[in-house]
Structure formats: structure tokens, C-alpha cells
$ cat model.cif   # mmCIF, C-alpha atoms
data_final
loop_
_atom_site.label_atom_id
_atom_site.label_comp_id
_atom_site.auth_asym_id
_atom_site.auth_seq_id
_atom_site.Cartn_x
_atom_site.Cartn_y
_atom_site.Cartn_z
CA PRO O 2 12.91 10.68 7.83
CA GLU O 3 10.31 10.55 10.59
CA GLY O 4 11.63 11.35 14.05
CA SER O 5 15.04 12.52 12.83
CA ALA O 6 17.14 13.88 15.70
CA GLY O 7 19.25 16.18 13.56
CA ASN O 8 20.21 17.46 10.14
CA ALA O 9 22.68 14.61 9.52
CA ASP O 10 19.85 12.14 8.93
CA TRP O 11 18.18 14.51 6.48
CA ARG O 12 21.41 15.05 4.61
CA LEU O 13 21.97 11.29 4.39
CA TRP O 14 18.45 10.85 3.04
CA ALA O 15 19.04 13.67 0.53
CA GLU O 16 22.28 12.02 -0.63
CA THR O 17 20.43 8.73 -1.08
CA TRP O 18 17.63 10.44 -3.01
CA ALA O 19 20.14 12.18 -5.28
CA ARG O 20 21.93 8.89 -5.94
CA TRP O 21 18.64 7.26 -6.94
CA ASP O 22 17.37 10.16 -9.09
CA PRO O 23 17.63 9.33 -12.84
CA ASN O 24 16.89 12.94 -13.86
CA GLN O 25 20.08 14.98 -14.13
CA ALA O 26 18.31 18.34 -13.68
CA THR O 27 16.53 17.51 -10.43
CA LYS O 28 19.56 15.58 -9.16
CA ALA O 29 21.79 18.64 -9.73
CA GLU O 30 19.32 20.91 -7.95
CA LEU O 31 19.26 18.64 -4.90
CA LEU O 32 23.05 18.35 -4.85
CA GLN O 33 23.26 22.15 -4.89
CA LEU O 34 21.10 22.30 -1.75
CA LEU O 35 23.37 19.76 -0.09
CA ALA O 36 26.51 21.66 -1.02
CA ALA O 37 25.02 24.93 0.24
CA GLY O 38 23.96 23.40 3.55
CA GLU O 39 20.30 24.28 2.95
CA ASP O 40 19.01 21.81 5.55
CA ALA O 41 15.65 23.54 6.03
CA GLU O 42 14.95 23.34 2.30
CA LEU O 43 16.02 19.69 2.24
CA ARG O 44 13.46 18.98 4.95
CA ARG O 45 10.81 20.83 2.97
CA VAL O 46 11.31 18.94 -0.30
CA LEU O 47 11.96 15.51 1.27
CA GLY O 48 9.91 15.68 4.47
CA SER O 49 6.63 14.55 2.92
CA ARG O 50 5.50 12.48 -0.04
CA LEU O 51 2.82 13.00 -2.67
CA GLU O 52 -0.10 10.90 -1.49
CA PHE O 53 -1.19 8.06 -3.75
CA GLY O 54 -4.96 7.52 -3.89
CA THR O 55 -7.78 6.53 -6.22
CA ALA O 56 -6.88 9.51 -8.44
CA GLY O 57 -3.25 8.37 -8.51
CA LEU O 58 -0.82 11.24 -8.01
CA ARG O 59 -1.08 14.94 -8.73
CA GLY O 60 1.18 17.84 -7.79
CA PRO O 61 3.78 20.37 -8.95
CA MET O 62 6.76 19.17 -10.97
CA GLY O 63 10.21 19.49 -9.42
CA MET O 64 12.72 17.77 -7.17
CA GLY O 65 11.93 15.89 -3.99
CA SER O 66 9.40 13.40 -2.68
CA CYS O 67 6.67 16.05 -2.38
CA ARG O 68 6.61 16.77 -6.12
CA MET O 69 6.12 15.00 -9.43
CA ASN O 70 9.44 13.89 -10.90
CA ASP O 71 11.10 10.91 -12.56
CA LEU O 72 12.08 9.23 -9.30
CA VAL O 73 8.62 9.59 -7.72
CA VAL O 74 7.08 8.15 -10.90
CA LEU O 75 9.60 5.30 -10.91
CA GLN O 76 8.91 4.48 -7.24
CA THR O 77 5.16 4.67 -7.78
CA THR O 78 5.35 2.36 -10.77
CA GLN O 79 7.41 -0.15 -8.80
CA GLY O 80 4.60 -0.22 -6.23
CA VAL O 81 1.99 -0.69 -8.96
CA CYS O 82 4.06 -3.42 -10.60
CA ALA O 83 4.60 -5.22 -7.29
CA TYR O 84 0.86 -5.16 -6.63
CA LEU O 85 0.02 -6.50 -10.09
CA LYS O 86 2.43 -9.38 -9.56
CA GLU O 87 0.61 -10.19 -6.32
CA VAL O 88 -3.01 -10.02 -7.50
CA ALA O 89 -3.23 -10.20 -11.30
CA ASP O 90 -3.95 -13.33 -13.32
CA SER O 91 -1.14 -15.51 -14.64
CA ASP O 92 -1.37 -13.94 -18.11
CA ALA O 93 -0.87 -10.39 -16.77
CA LYS O 94 2.60 -9.93 -18.23
CA GLN O 95 1.49 -11.05 -21.67
CA ARG O 96 -1.60 -8.79 -21.60
CA GLY O 97 0.58 -5.92 -20.48
CA VAL O 98 -0.01 -2.27 -19.67
CA CYS O 99 -0.75 0.83 -21.74
CA ILE O 100 1.01 4.15 -21.02
CA GLY O 101 0.16 7.56 -22.44
CA PHE O 102 1.29 11.11 -21.70
CA ASP O 103 0.46 14.75 -22.40
CA HIS O 104 2.68 17.73 -23.30
CA ARG O 105 3.45 19.11 -19.81
CA ALA O 106 6.97 20.18 -18.88
CA GLY O 107 8.48 22.15 -16.01
CA GLY O 108 10.88 21.99 -13.08
CA GLY O 109 13.37 20.02 -15.15
CA CYS O 110 10.71 17.35 -15.77
CA ASN O 111 8.26 16.41 -18.51
CA SER O 112 5.44 13.97 -19.15
CA ARG O 113 7.30 12.00 -21.83
CA SER O 114 10.15 11.23 -19.44
CA PHE O 115 7.68 10.15 -16.75
CA ALA O 116 5.99 7.77 -19.20
CA GLU O 117 9.34 6.31 -20.25
CA CYS O 118 10.35 5.80 -16.60
CA ALA O 119 7.12 3.91 -15.98
CA ALA O 120 7.59 1.83 -19.12
CA ARG O 121 11.11 0.78 -18.10
CA VAL O 122 9.89 -0.59 -14.77
CA PHE O 123 7.30 -2.81 -16.43
CA LEU O 124 9.64 -3.90 -19.22
CA GLU O 125 12.29 -4.92 -16.69
CA GLU O 126 9.71 -7.13 -14.96
CA GLY O 127 8.73 -8.82 -18.22
CA PHE O 128 5.45 -7.02 -18.96
CA THR O 129 4.41 -6.12 -22.48
CA VAL O 130 4.14 -2.33 -22.66
CA TYR O 131 2.00 -0.37 -25.13
CA LEU O 132 3.62 3.08 -25.03
CA TYR O 133 2.26 5.91 -27.15
CA ARG O 134 4.98 7.62 -29.18
CA ASP O 135 3.56 11.13 -28.82
CA PHE O 136 1.07 13.18 -26.81
CA VAL O 137 -2.43 11.70 -26.56
CA ALA O 138 -5.73 12.60 -24.96
CA THR O 139 -6.50 10.76 -21.72
CA PRO O 140 -9.28 8.53 -23.19
CA MET O 141 -6.75 6.92 -25.52
CA VAL O 142 -5.31 4.93 -22.60
CA PRO O 143 -8.55 3.15 -21.57
CA TRP O 144 -9.34 2.72 -25.28
CA CYS O 145 -6.03 0.89 -25.81
CA MET O 146 -6.64 -1.16 -22.68
CA GLU O 147 -9.95 -2.42 -24.02
CA GLN O 148 -8.49 -3.15 -27.46
CA ARG O 149 -5.45 -5.01 -26.08
CA ARG O 150 -7.02 -6.44 -22.91
CA CYS O 151 -4.35 -4.77 -20.76
CA VAL O 152 -4.25 -5.45 -17.02
CA ALA O 153 -3.49 -1.80 -16.21
CA GLY O 154 -2.99 1.60 -17.77
CA ILE O 155 -1.19 4.80 -16.84
CA MET O 156 -1.85 8.30 -18.15
CA ILE O 157 0.66 11.00 -17.30
CA THR O 158 -1.39 14.21 -17.04
CA ALA O 159 -2.72 16.68 -14.51
CA SER O 160 -5.89 17.34 -16.54
CA HIS O 161 -7.26 20.79 -15.63
CA ASN O 162 -4.57 21.61 -13.06
CA PRO O 163 -2.14 24.53 -13.62
CA LYS O 164 0.59 23.92 -16.22
CA ALA O 165 3.29 23.59 -13.54
CA ASP O 166 1.53 20.47 -12.19
CA ASN O 167 1.56 16.92 -13.45
CA GLY O 168 -0.16 13.70 -12.51
CA TYR O 169 -0.25 9.92 -12.72
CA LYS O 170 -3.65 8.35 -13.40
CA LEU O 171 -3.88 4.60 -12.87
CA TYR O 172 -6.47 2.43 -14.61
CA TRP O 173 -7.30 -1.15 -13.69
CA SER O 174 -8.14 -4.07 -15.97
CA ASN O 175 -11.72 -2.81 -16.41
CA ALA O 176 -10.26 0.37 -18.03
CA ALA O 177 -11.58 2.51 -15.16
CA GLN O 178 -9.57 4.38 -12.54
CA ILE O 179 -8.76 2.33 -9.45
CA ILE O 180 -11.01 2.15 -6.39
CA PRO O 181 -10.38 1.06 -2.78
CA PRO O 182 -8.76 -1.10 -1.54
CA HIS O 183 -6.35 -1.08 -4.51
CA ASP O 184 -5.11 2.43 -3.71
CA ALA O 185 -4.11 1.73 -0.10
CA LYS O 186 -2.41 -1.55 -0.97
CA ILE O 187 -0.45 0.07 -3.80
CA ALA O 188 0.52 3.00 -1.54
CA ALA O 189 1.97 0.54 0.99
CA LEU O 190 3.96 -1.24 -1.72
CA ILE O 191 5.32 2.06 -3.01
CA GLU O 192 6.80 2.70 0.44
CA GLU O 193 8.33 -0.80 0.42
CA ASN O 194 9.93 -0.26 -3.00
CA LEU O 195 11.54 3.18 -2.89
CA ALA O 196 15.01 2.08 -4.02
CA PRO O 197 15.13 1.76 -7.83
CA TRP O 198 15.07 -1.84 -9.01
CA PRO O 199 17.99 -3.05 -11.16
CA CYS O 200 17.38 -2.05 -14.76
CA GLY O 201 18.87 -3.51 -17.90
CA VAL O 202 15.82 -3.51 -20.13
CA THR O 203 15.56 -3.97 -23.84
CA SER O 204 12.60 -2.90 -25.94
CA ALA O 205 11.70 -6.46 -26.93
CA ARG O 206 8.28 -6.26 -25.24
CA LEU O 207 7.56 -2.64 -26.18
CA ARG O 208 4.58 -2.26 -28.52
CA ALA O 209 2.63 0.55 -30.18
CA PRO O 210 -1.02 0.70 -29.04
CA LYS O 211 -1.98 0.62 -32.72
CA PRO O 212 0.20 0.70 -35.84
CA GLY O 213 1.28 4.28 -36.50
CA ILE O 214 0.35 5.62 -33.02
#
$ encode --input "model.cif" --output "C-alpha cells"
Amino acid sequence: PEGSAGNADWRLWAETWARWDPNQATKAELLQLLAAGEDAELRRVLGSRLEFGTAGLRGPMGMGSCRMNDLVVLQTTQGVCAYLKEVADSDAKQRGVCIGFDHRAGGGCNSRSFAECAARVFLEEGFTVYLYRDFVATPMVPWCMEQRRCVAGIMITASHNPKADNGYKLYWSNAAQIIPPHDAKIAALIEENLAPWPCGVTSARLRAPKPGI
């Protein structure tokens, strides 16, 4: 937390982060730091956040707000979802979103889990979700968006980055990556929606981008 006067605030923030974290591997790693009193390391992994911009997110996989993990993806998707509910047309939920992912895994995390976290956020809010069942190339997301007239698309990949990295590419309704001012407005809404939203989703609005895919 900005301006913290002591380690107690950082430990409280770490406890909150661990409580929110849906990934058992990264949660356990953070709890180990807490138990060991590794306050300097807690500050390092929770003292900054991956910056959201027109390229979405990109960074190493692992625990904490400065890395790509299930909780960061969940929080980011809540910001995206909140923004769509503010600015998208009335048929946005019916048109839905497309989500794809690559094969990356590391730091107790993987692309498939990130995609599923993102899908759950949208499903909980009543959006139709076209989620690929297996690894796909990045262009398959904008392709699906054009075919299904989706209002947004997400591709979980870090493209040419090292294998320990991962990323979150966001596409808008024109099937192109977002441009300003969308990025800044979404970034602000991410910060306003860090706590995981209640989740009791079913798969009723989950669709395949195309039969057999």
C-alpha cells in the first residue's frame, strides 16, 4: 500500500491478497512468505502492479500484483467487464466475448487457467462467452469476434516473450486491440474492482467459437 508506515500494513495487504487468490500454488507461496516474516519480499511482490495499457498486460508468471497470475487476470477482467457495462450497446451481453489461450505454463500458473478465470467473470455478469477448448493461435480470437459479432475478445499469450512470461491481449468490438482512451479508463476500473466479485456461475452461456473447436 502506498505510504505504508510499517510492515503491519504490508502483511495485512498480503493476507488479503492470499485470501482473494483462487490459485492454490501462488496462494501457498505467499502464505509461506507471511509465515517466514519475509516482509521485504512481500513488498517486492505486492508493492507494484503490472501496468494495463493498449497492449493489455505482459509480464512474468508468479505470485503477487507485479506478475501474471489468476488473481491479476481476474481483477483485470473485472475492470474490462465493468467498462463494457458502462459503454457497450444494450445487446453486449448477448453478443458476448471470445477468449483464447496458448500453451504457456510456469510459476504455478498457466494460460488455460487464466482464460477460465476470465470466462467466469463474464459468465457471472450474464455475458455469452465463446471459450476455445484448447490452445489456439492469436488470430483465432479476432476471427471468432468477427464471426460472432462479439463486443470484446481476450487472448492469453505473451507472443514472442520468454516462456516464463504471459500476457493478456484485449480486443474491442472492431476485432482490433484497444486504443486510448479505453486503456486508461479500464485501468482505473481495475483499481476500483480488486476484490473478487461473488461467483456462482453455471456454464449456461458458455459457447464454442465454432462446433468442434
$ resolve_selection --input "model.cif" --expression "the PyMOL selection byres ((chain O and resi 166) around 8)" --output "PyMOL selection string"
chain O and resi 59-62+69+105+159+162-165+167-168
$ residues_around --input "model.cif" --residues "Leu72 in chain O" --least-positions-apart "2" --cutoff "9 Å" --atoms "all atoms listed in the file" --output "list in words"
Trp18, Trp21, Asp22, Pro23, Asn24, Met64, Gly65, Ser66, Met69, Asn70, Val74, Leu75, Gln76, Thr77, Phe115, Cys118, Leu195 and Pro197 of chain O
$ write_last_selection --input "model.cif" --atoms "C-alpha atoms" --output "PDB file, keeping the file's coordinate frame"
ATOM      1  CA  TRP O  18      17.630  10.440  -3.010  1.00  0.00           C
ATOM      2  CA  TRP O  21      18.640   7.260  -6.940  1.00  0.00           C
ATOM      3  CA  ASP O  22      17.370  10.160  -9.090  1.00  0.00           C
ATOM      4  CA  PRO O  23      17.630   9.330 -12.840  1.00  0.00           C
ATOM      5  CA  ASN O  24      16.890  12.940 -13.860  1.00  0.00           C
ATOM      6  CA  MET O  64      12.720  17.770  -7.170  1.00  0.00           C
ATOM      7  CA  GLY O  65      11.930  15.890  -3.990  1.00  0.00           C
ATOM      8  CA  SER O  66       9.400  13.400  -2.680  1.00  0.00           C
ATOM      9  CA  MET O  69       6.120  15.000  -9.430  1.00  0.00           C
ATOM     10  CA  ASN O  70       9.440  13.890 -10.900  1.00  0.00           C
ATOM     11  CA  VAL O  74       7.080   8.150 -10.900  1.00  0.00           C
ATOM     12  CA  LEU O  75       9.600   5.300 -10.910  1.00  0.00           C
ATOM     13  CA  GLN O  76       8.910   4.480  -7.240  1.00  0.00           C
ATOM     14  CA  THR O  77       5.160   4.670  -7.780  1.00  0.00           C
ATOM     15  CA  PHE O 115       7.680  10.150 -16.750  1.00  0.00           C
ATOM     16  CA  CYS O 118      10.350   5.800 -16.600  1.00  0.00           C
ATOM     17  CA  LEU O 195      11.540   3.180  -2.890  1.00  0.00           C
ATOM     18  CA  PRO O 197      15.130   1.760  -7.830  1.00  0.00           C
TER      19      PRO O 197
END
$ residues_around --input "model.cif" --residues "Arg208 in chain O" --least-positions-apart "4" --cutoff "7 Å" --atoms "only C-alpha atoms" --output "ChimeraX atom specification"
/O:130-132
$ resolve_selection --input "model.cif" --expression "the PyMOL selection byres ((chain O and resi 173) around 10)" --output "number ranges by chain"
O: 85, 98, 143, 146, 151-155, 171-172, 174-180, 183
$ resolve_selection --input "model.cif" --expression "the PyMOL selection byres ((chain O and resi 35-43) around 8)" --output "list of chain:residue names"
O:Asn8, O:Trp11, O:Arg12, O:Ala15, O:Glu16, O:Leu31, O:Leu32, O:Gln33, O:Leu34, O:Arg44, O:Arg45, O:Val46, O:Leu47, O:Gly48
$ atom_distance --input "model.cif" --atom1 "CA of Cys67 in chain O" --atom2 "CA of Ala83 in chain O"
21.9 Å
$ residues_around --input "model.cif" --residues "Asp184 in chain O" --least-positions-apart "4" --cutoff "8 Å" --atoms "all atoms listed in the file" --output "PyMOL selection string"
chain O and resi 53-55+57+179-180+188
